[in-house]
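So this one's coords.cif, mmCIF, C-alpha atoms and all ligand atoms:
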```
data_coords
loop_
_atom_site.label_atom_id
_atom_site.label_comp_id
_atom_site.auth_asym_id
_atom_site.auth_seq_id
_atom_site.Cartn_x
_atom_site.Cartn_y
_atom_site.Cartn_z
CA MET A 556 161.15 -31.99 -29.66
CA ILE A 557 161.29 -34.33 -26.69
CA ARG A 558 163.60 -37.23 -27.47
CA PRO A 559 163.63 -40.66 -25.82
CA ILE A 560 166.24 -40.98 -23.06
CA VAL A 561 168.72 -43.86 -23.37
CA LEU A 562 168.52 -46.06 -20.28
CA HIS A 563 171.41 -47.85 -18.54
CA PRO A 564 172.74 -50.41 -19.40
CA ASP A 565 173.39 -49.31 -22.99
CA ALA A 566 176.65 -49.32 -24.97
CA ARG A 567 176.08 -45.68 -26.03
CA LEU A 568 176.37 -44.55 -22.41
CA LYS A 569 179.84 -46.13 -22.14
CA LYS A 570 181.38 -44.42 -25.18
CA LYS A 571 183.51 -41.28 -25.38
CA SER A 572 181.71 -38.51 -27.27
CA VAL A 573 183.43 -36.53 -30.04
CA GLU A 574 184.24 -32.81 -30.03
CA VAL A 575 181.81 -30.51 -31.81
CA GLU A 576 183.53 -28.94 -34.85
CA GLY A 577 181.35 -25.88 -35.28
CA ILE A 578 178.03 -24.28 -34.38
CA THR A 579 175.45 -25.39 -36.97
CA ASP A 580 171.66 -25.23 -37.17
CA ALA A 581 171.63 -28.95 -36.43
CA LEU A 582 173.63 -28.37 -33.24
CA ILE A 583 171.28 -25.58 -32.10
CA GLU A 584 168.31 -27.88 -32.70
CA LEU A 585 170.04 -30.66 -30.77
CA ALA A 586 170.58 -28.30 -27.80
CA GLU A 587 166.92 -27.17 -27.92
CA ASP A 588 165.74 -30.78 -27.96
CA MET A 589 168.05 -31.64 -25.06
CA MET A 590 166.76 -28.72 -22.98
CA GLU A 591 163.13 -29.65 -23.72
CA THR A 592 163.81 -33.33 -22.91
CA MET A 593 165.56 -32.36 -19.64
CA TYR A 594 162.75 -30.06 -18.44
CA HIS A 595 160.11 -32.62 -19.44
CA ALA A 596 161.77 -35.52 -17.56
CA PRO A 597 162.19 -33.46 -15.28
CA GLY A 598 165.89 -33.22 -14.55
CA ILE A 599 168.61 -30.64 -13.83
CA GLY A 600 171.12 -31.84 -16.42
CA LEU A 601 171.36 -33.87 -19.61
CA ALA A 602 174.26 -34.91 -21.85
CA ALA A 603 173.90 -35.62 -25.58
CA PRO A 604 174.80 -39.34 -25.29
CA GLN A 605 171.71 -39.72 -23.09
CA ILE A 606 169.61 -39.12 -26.20
CA GLY A 607 171.95 -41.29 -28.27
CA VAL A 608 174.04 -38.47 -29.81
CA LEU A 609 177.75 -39.00 -29.15
CA GLN A 610 178.78 -35.34 -29.28
CA ARG A 611 180.27 -33.19 -26.53
CA VAL A 612 177.19 -31.14 -25.60
CA ILE A 613 175.52 -30.80 -22.20
CA VAL A 614 172.58 -28.78 -20.90
CA MET A 615 171.73 -27.94 -17.31
CA ASP A 616 169.46 -25.85 -15.13
CA CYS A 617 170.20 -26.18 -11.44
CA ALA A 618 167.79 -23.44 -10.29
CA LYS A 619 165.37 -24.64 -7.66
CA LYS A 620 161.94 -24.43 -9.23
CA GLU A 621 160.03 -22.61 -6.47
CA ASP A 622 162.14 -19.60 -5.58
CA GLU A 623 164.66 -19.05 -8.38
CA GLU A 624 164.56 -17.83 -11.96
CA PRO A 625 165.31 -20.50 -14.58
CA ASP A 626 169.05 -20.77 -15.25
CA PRO A 627 169.45 -22.74 -18.50
CA ILE A 628 173.04 -23.32 -19.65
CA VAL A 629 174.19 -25.03 -22.86
CA MET A 630 177.84 -26.08 -22.95
CA VAL A 631 179.59 -27.18 -26.12
CA ASN A 632 182.94 -28.98 -25.70
CA PRO A 633 183.02 -28.38 -21.92
CA LEU A 634 186.33 -29.04 -20.22
CA ILE A 635 187.32 -29.09 -16.55
CA LYS A 636 190.47 -26.98 -16.31
CA ALA A 637 190.98 -27.22 -12.54
CA SER A 638 189.39 -28.91 -9.52
CA SER A 639 189.72 -28.20 -5.81
CA GLU A 640 191.32 -30.55 -3.29
CA GLU A 641 188.26 -30.03 -1.10
CA LYS A 642 185.52 -32.57 -1.71
CA ASN A 643 181.77 -32.44 -1.51
CA VAL A 644 179.23 -35.26 -1.18
CA TYR A 645 175.88 -35.10 -2.96
CA GLU A 646 173.16 -37.66 -3.44
CA GLU A 647 173.10 -38.05 -7.21
CA GLY A 648 170.62 -39.48 -9.65
CA CYS A 649 170.55 -39.73 -13.43
CA LEU A 650 167.79 -39.61 -16.04
CA SER A 651 169.37 -42.73 -17.60
CA ILE A 652 169.14 -44.59 -14.26
CA PRO A 653 165.70 -43.48 -12.98
CA GLU A 654 164.72 -44.02 -9.36
CA HIS A 655 168.23 -44.90 -8.19
CA PHE A 656 170.20 -42.49 -6.03
CA ALA A 657 173.55 -42.68 -4.27
CA GLU A 658 176.05 -40.42 -2.55
CA VAL A 659 179.02 -39.49 -4.72
CA THR A 660 182.16 -37.64 -3.58
CA ARG A 661 183.56 -35.10 -6.05
CA PRO A 662 185.77 -31.99 -5.97
CA GLU A 663 183.87 -29.11 -4.36
CA LEU A 664 184.96 -26.48 -6.91
CA VAL A 665 185.69 -26.81 -10.61
CA GLN A 666 186.87 -24.36 -13.25
CA VAL A 667 185.09 -25.15 -16.53
CA GLU A 668 185.72 -23.85 -20.05
CA TRP A 669 183.15 -24.25 -22.83
CA ILE A 670 181.69 -22.52 -25.86
CA ASP A 671 178.08 -21.43 -26.16
CA LEU A 672 175.71 -21.63 -29.13
CA ASN A 673 177.05 -18.29 -30.44
CA GLY A 674 180.57 -19.72 -30.49
CA LYS A 675 181.57 -17.51 -27.54
CA GLU A 676 184.15 -18.92 -25.11
CA HIS A 677 183.36 -19.07 -21.39
CA SER A 678 185.39 -19.85 -18.31
CA GLU A 679 183.63 -20.05 -14.98
CA GLU A 680 184.09 -21.51 -11.51
CA PHE A 681 181.25 -23.60 -10.13
CA ASN A 682 180.47 -24.69 -6.60
CA GLY A 683 177.64 -26.48 -4.80
CA LEU A 684 174.98 -28.27 -6.82
CA LYS A 685 176.12 -26.69 -10.10
CA SER A 686 179.63 -28.08 -9.59
CA THR A 687 178.30 -31.59 -8.97
CA CYS A 688 175.93 -31.30 -11.92
CA VAL A 689 178.53 -30.10 -14.42
CA GLN A 690 180.98 -32.84 -13.35
CA HIS A 691 178.25 -35.49 -13.64
CA GLU A 692 177.30 -34.29 -17.16
CA ILE A 693 180.90 -34.03 -18.39
CA ASP A 694 181.44 -37.60 -17.11
CA HIS A 695 178.67 -38.68 -19.51
CA LEU A 696 180.76 -37.31 -22.41
CA ASN A 697 183.55 -39.64 -21.31
CA GLY A 698 181.33 -42.70 -21.00
CA LYS A 699 181.19 -42.53 -17.21
CA LEU A 700 178.10 -42.83 -14.99
CA PHE A 701 177.65 -41.86 -11.34
CA ILE A 702 177.30 -45.55 -10.43
CA ASP A 703 180.90 -46.05 -11.61
CA TYR A 704 181.92 -44.25 -8.37
CA LEU A 705 180.13 -46.86 -6.24
CA GLY A 706 181.44 -50.21 -5.06
CA PRO A 707 180.96 -53.17 -7.44
CA ILE A 708 178.18 -54.79 -5.38
CA LYS A 709 176.02 -51.67 -5.27
CA ARG A 710 176.73 -50.94 -8.94
CA GLN A 711 175.80 -54.49 -10.04
CA MET A 712 172.63 -54.38 -7.96
CA ILE A 713 171.49 -51.16 -9.65
CA THR A 714 172.43 -52.52 -13.09
CA ARG A 715 170.44 -55.73 -12.52
CA LYS A 716 167.41 -53.73 -11.39
CA MET A 717 167.73 -51.51 -14.47
CA GLN A 718 167.92 -54.57 -16.76
CA LYS A 719 164.72 -55.86 -15.19
CA PHE A 720 163.10 -52.39 -15.46
CA LYS A 721 163.99 -52.20 -19.17
CA ARG A 722 162.63 -55.72 -19.87
CA GLU A 723 159.35 -54.85 -18.14
CA LYS A 724 159.14 -51.51 -19.99
CA LEU A 725 159.66 -53.31 -23.30
CA ARG A 726 156.98 -55.89 -22.47
CA GLY A 727 154.59 -53.11 -21.44
CA SER A 728 154.96 -51.38 -24.82
CA GLU A 729 154.14 -54.49 -26.89
NI NI B 801 173.26 -38.50 -15.71
#
```
Mind turning this structure into structure tokens?
Ligand code: NI
Amino acid sequence: MIRPIVLHPDARLKKKSVEVEGITDALIELAEDMMETMYHAPGIGLAAPQIGVLQRVIVMDCAKKEDEEPDPIVMVNPLIKASSEEKNVYEEGCLSIPEHFAEVTRPELVQVEWIDLNGKEHSEEFNGLKSTCVQHEIDHLNGKLFIDYLGPIKRQMITRKMQKFKREKLRGSE
């Protein structure tokens, strides 16, 4: 089921999500809904708080549509165990802040631990787009958005435009 995406500014996007206690049918359904919502948007990553669920679950698929096989990943309780000193700059966007993009500097490599929907533990090193994506999504679980890396003027400008966008969207749906 495609779920509505929570748009910035919204208090739910600023909260810290809670750890998942165990793999349940409800959790598997949540992950399926998140994947469907992400592909539909379309986007390459989505965190549970972005559909209003404050649990530590993210989904991503960073495969480029034209020439790569789909690469869907569900991470439950993901944790960054190590990050490189070397940095990388990517132009980031976010499904909760549509049509706004900005360059963000992050560690180039990260070591991430998570559990999958079978309860199996994983530990993997990510680089390139996948590294940026996983860091961006884990930030969501800690109430942090990519615009929090920008200067206050740029951040406030985007937030004001998003407030206006949300007001107009609301008016349009009446
Ligand atoms: Ni995002």
Produce as a list in words the set of residues near ligand NI 801 (chain B), where near means within 9 Å with all atoms listed in the file considered.
Gly600, Leu601, Ala602, Gln605, Glu647, Gly648, Cys649, Leu650, Ser651, Ile652, Cys688, His691, Glu692, Asp694, His695, Leu700 and Phe701 of chain A
Distance query Val631 (chain A) at most 7 Å, all atoms listed in the file, self and fewer than 4 positions along chain excluded, as a ChimeraX atom specification:
/A:575,611-613,669-671
Find the residues around Met593 (chain A) up to 9 Å (all atoms listed in the file counted), leave out those fewer than 3 positions away in its own chain, and share them as a VMD selection string.
chain A and resid 557 588 to 590 596 to 601 614 to 616 650
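If you look at CA of Arg558 (chain A) and CA of Glu668 (chain A), they are 26.9 Å away from each other.
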Counting all atoms listed in the file, the option among A:Leu684, A:Lys721, A:Tyr704, A:Val573 closest to Val608 (chain A):
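Once distances to Val608 (chain A) are computed over all atoms listed in the file, the minimum belongs to A:Val573.
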Give me, please, the distance in Å between CA of Pro633 (chain A) and CA of Val689 (chain A), quoted to one decimal.
8.9 Å
Could you tell me how far CA of Asn673 (chain A) sits from CA of Ala618 (chain A), in Å to one decimal place?
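About the pair CA of Ala618 (chain A) and CA of Asn673 (chain A): they are 22.8 Å apart.
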Quick one: axis-aligned box around all listed atoms of region 562-567 of chain A, 3 Å on every side, centre and edge lengths in Å to one decimal, written as AutoDock Vina command-line options.
```
--center_x 172.6 --center_y -48.0 --center_z -22.3 --size_x 14.1 --size_y 10.7 --size_z 13.5
```
Out of A:Glu621, A:Glu663, A:Glu654, A:Glu641, which residue has the shortest atom-to-atom distance to Met717 (chain A) when counting only C-alpha atoms?
A:Glu654
With distances taken over all atoms listed in the file, which of A:Leu609, A:Val561, A:Leu634, A:Met556 is nearest to Gly698 (chain A)?
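Result for the nearest residue to Gly698 (chain A): A:Leu609.
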Nearest candidate to Ile635 (chain A) (options A:Arg726, A:His563, A:Arg715, A:His677; using only C-alpha atoms):
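Residue with the minimum atom-to-atom distance to Ile635 (chain A): A:His677.
Among the candidate residues A:Asn643, A:Pro604, A:Lys675, A:His655, the one lying nearest to Lys716 (chain A) is A:His655, with distances computed using all atoms listed in the file.
Counting only C-alpha atoms and comparing A:Thr714, A:Phe681, A:Ile606, A:Pro625, the residue that lies closest to Leu568 (chain A) is A:Ile606.
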List every protein, DNA or RNA residue with an atom no more than 9 Å from (172.2, -35.8, 1.1) in the file's coordinates, counting all atoms listed in the file, and format the result as a PDB file with C-alpha atoms, in the frame of the given file.
```
ATOM      1  CA  VAL A 644     179.230 -35.260  -1.180  1.00  0.00           C
ATOM      2  CA  TYR A 645     175.880 -35.100  -2.960  1.00  0.00           C
ATOM      3  CA  GLU A 646     173.160 -37.660  -3.440  1.00  0.00           C
ATOM      4  CA  GLU A 647     173.100 -38.050  -7.210  1.00  0.00           C
ATOM      5  CA  ALA A 657     173.550 -42.680  -4.270  1.00  0.00           C
ATOM      6  CA  GLU A 658     176.050 -40.420  -2.550  1.00  0.00           C
TER       7      GLU A 658
END
```
Once you count only C-alpha atoms, which residues end up no further than 8 Å from (189.6, -28.5, -11.8) in the file's frame, shown as a PDB file with C-alpha atoms, in the coordinates of the input?
```
ATOM      1  CA  ILE A 635     187.320 -29.090 -16.550  1.00  0.00           C
ATOM      2  CA  LYS A 636     190.470 -26.980 -16.310  1.00  0.00           C
ATOM      3  CA  ALA A 637     190.980 -27.220 -12.540  1.00  0.00           C
ATOM      4  CA  SER A 638     189.390 -28.910  -9.520  1.00  0.00           C
ATOM      5  CA  SER A 639     189.720 -28.200  -5.810  1.00  0.00           C
ATOM      6  CA  PRO A 662     185.770 -31.990  -5.970  1.00  0.00           C
ATOM      7  CA  LEU A 664     184.960 -26.480  -6.910  1.00  0.00           C
ATOM      8  CA  VAL A 665     185.690 -26.810 -10.610  1.00  0.00           C
ATOM      9  CA  GLN A 666     186.870 -24.360 -13.250  1.00  0.00           C
ATOM     10  CA  VAL A 667     185.090 -25.150 -16.530  1.00  0.00           C
TER      11      VAL A 667
END
```
Using only C-alpha atoms, which residues sit within 12 Å of Asp580 (chain A) once same-chain residues fewer than 4 positions away are excluded, as a count of residues only?
6
Exercise: Lys569 (chain A) partners within 9 Å, only C-alpha atoms, chain neighbours under 2 positions left out, as a list in words:
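The filter keeps Pro564, Asp565, Ala566, Arg567, Lys571, His695, Leu696, Asn697, Gly698, Lys699 and Leu700 of chain A.
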Store the residues picked out above in a file with C-alpha atoms, as an mmCIF file, in the coordinates of the input.
```cif
data_model
loop_
_atom_site.group_PDB
_atom_site.id
_atom_site.type_symbol
_atom_site.label_atom_id
_atom_site.label_comp_id
_atom_site.auth_asym_id
_atom_site.auth_seq_id
_atom_site.Cartn_x
_atom_site.Cartn_y
_atom_site.Cartn_z
ATOM 1 C CA PRO A 564 172.740 -50.410 -19.400
ATOM 2 C CA ASP A 565 173.390 -49.310 -22.990
ATOM 3 C CA ALA A 566 176.650 -49.320 -24.970
ATOM 4 C CA ARG A 567 176.080 -45.680 -26.030
ATOM 5 C CA LYS A 571 183.510 -41.280 -25.380
ATOM 6 C CA HIS A 695 178.670 -38.680 -19.510
ATOM 7 C CA LEU A 696 180.760 -37.310 -22.410
ATOM 8 C CA ASN A 697 183.550 -39.640 -21.310
ATOM 9 C CA GLY A 698 181.330 -42.700 -21.000
ATOM 10 C CA LYS A 699 181.190 -42.530 -17.210
ATOM 11 C CA LEU A 700 178.100 -42.830 -14.990
#
```
Using the atoms already present, construct all heavy atoms for region 592-603 of chain A and hand them back as a short mmCIF file (atom, residue, chain, number, x, y, z; two decimals), keeping the file's coordinate frame.
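Saved as rebuild_31.cif:
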```
data_model
loop_
_atom_site.label_atom_id
_atom_site.label_comp_id
_atom_site.auth_asym_id
_atom_site.auth_seq_id
_atom_site.Cartn_x
_atom_site.Cartn_y
_atom_site.Cartn_z
N THR A 592 163.84 -31.96 -23.46
CA THR A 592 163.81 -33.33 -22.91
C THR A 592 164.15 -33.30 -21.42
O THR A 592 163.51 -33.98 -20.61
CB THR A 592 164.80 -34.23 -23.68
OG1 THR A 592 164.45 -34.20 -25.08
CG2 THR A 592 164.76 -35.67 -23.18
N MET A 593 165.15 -32.47 -21.05
CA MET A 593 165.56 -32.36 -19.64
C MET A 593 164.44 -31.79 -18.78
O MET A 593 164.11 -32.35 -17.74
CB MET A 593 166.80 -31.48 -19.53
CG MET A 593 167.25 -31.24 -18.09
SD MET A 593 168.56 -29.99 -17.98
CE MET A 593 167.61 -28.48 -18.12
N TYR A 594 163.83 -30.68 -19.23
CA TYR A 594 162.75 -30.06 -18.44
C TYR A 594 161.54 -30.99 -18.34
O TYR A 594 160.87 -31.06 -17.31
CB TYR A 594 162.31 -28.73 -19.07
CG TYR A 594 163.25 -27.57 -18.80
CD1 TYR A 594 163.74 -26.80 -19.85
CD2 TYR A 594 163.64 -27.23 -17.51
CE1 TYR A 594 164.59 -25.72 -19.62
CE2 TYR A 594 164.49 -26.17 -17.27
CZ TYR A 594 164.96 -25.41 -18.32
OH TYR A 594 165.79 -24.34 -18.08
N HIS A 595 161.28 -31.73 -19.41
CA HIS A 595 160.11 -32.62 -19.44
C HIS A 595 160.27 -33.79 -18.48
O HIS A 595 159.31 -34.26 -17.89
CB HIS A 595 159.87 -33.12 -20.87
CG HIS A 595 158.75 -34.10 -20.99
ND1 HIS A 595 158.97 -35.46 -21.11
CD2 HIS A 595 157.41 -33.93 -20.99
CE1 HIS A 595 157.79 -36.07 -21.18
NE2 HIS A 595 156.84 -35.17 -21.11
N ALA A 596 161.52 -34.26 -18.31
CA ALA A 596 161.77 -35.52 -17.56
C ALA A 596 161.15 -35.56 -16.16
O ALA A 596 160.48 -36.55 -15.84
CB ALA A 596 163.26 -35.82 -17.55
N PRO A 597 161.29 -34.61 -15.21
CA PRO A 597 162.19 -33.46 -15.28
C PRO A 597 163.53 -33.78 -14.65
O PRO A 597 163.64 -34.65 -13.79
CB PRO A 597 161.44 -32.44 -14.40
CG PRO A 597 160.75 -33.28 -13.36
CD PRO A 597 160.48 -34.63 -13.98
N GLY A 598 164.55 -33.04 -15.10
CA GLY A 598 165.89 -33.22 -14.55
C GLY A 598 166.62 -31.90 -14.52
O GLY A 598 166.11 -30.90 -15.04
N ILE A 599 167.83 -31.89 -13.93
CA ILE A 599 168.61 -30.64 -13.83
C ILE A 599 169.81 -30.65 -14.77
O ILE A 599 170.52 -29.66 -14.86
CB ILE A 599 169.06 -30.35 -12.37
CG1 ILE A 599 169.94 -31.47 -11.83
CG2 ILE A 599 167.84 -30.13 -11.48
CD1 ILE A 599 170.60 -31.12 -10.49
N GLY A 600 170.01 -31.78 -15.47
CA GLY A 600 171.12 -31.84 -16.42
C GLY A 600 170.90 -32.98 -17.40
O GLY A 600 170.23 -33.97 -17.08
N LEU A 601 171.45 -32.81 -18.60
CA LEU A 601 171.36 -33.87 -19.61
C LEU A 601 172.55 -33.74 -20.55
O LEU A 601 172.94 -32.63 -20.93
CB LEU A 601 170.06 -33.73 -20.41
CG LEU A 601 169.72 -34.88 -21.37
CD1 LEU A 601 169.19 -36.10 -20.60
CD2 LEU A 601 168.70 -34.46 -22.42
N ALA A 602 173.14 -34.89 -20.91
CA ALA A 602 174.26 -34.91 -21.85
C ALA A 602 173.79 -35.56 -23.14
O ALA A 602 172.94 -36.46 -23.12
CB ALA A 602 175.43 -35.69 -21.23
N ALA A 603 174.35 -35.12 -24.28
CA ALA A 603 173.90 -35.62 -25.58
C ALA A 603 173.87 -37.15 -25.70
O ALA A 603 172.93 -37.69 -26.29
CB ALA A 603 174.73 -34.98 -26.70
#
```
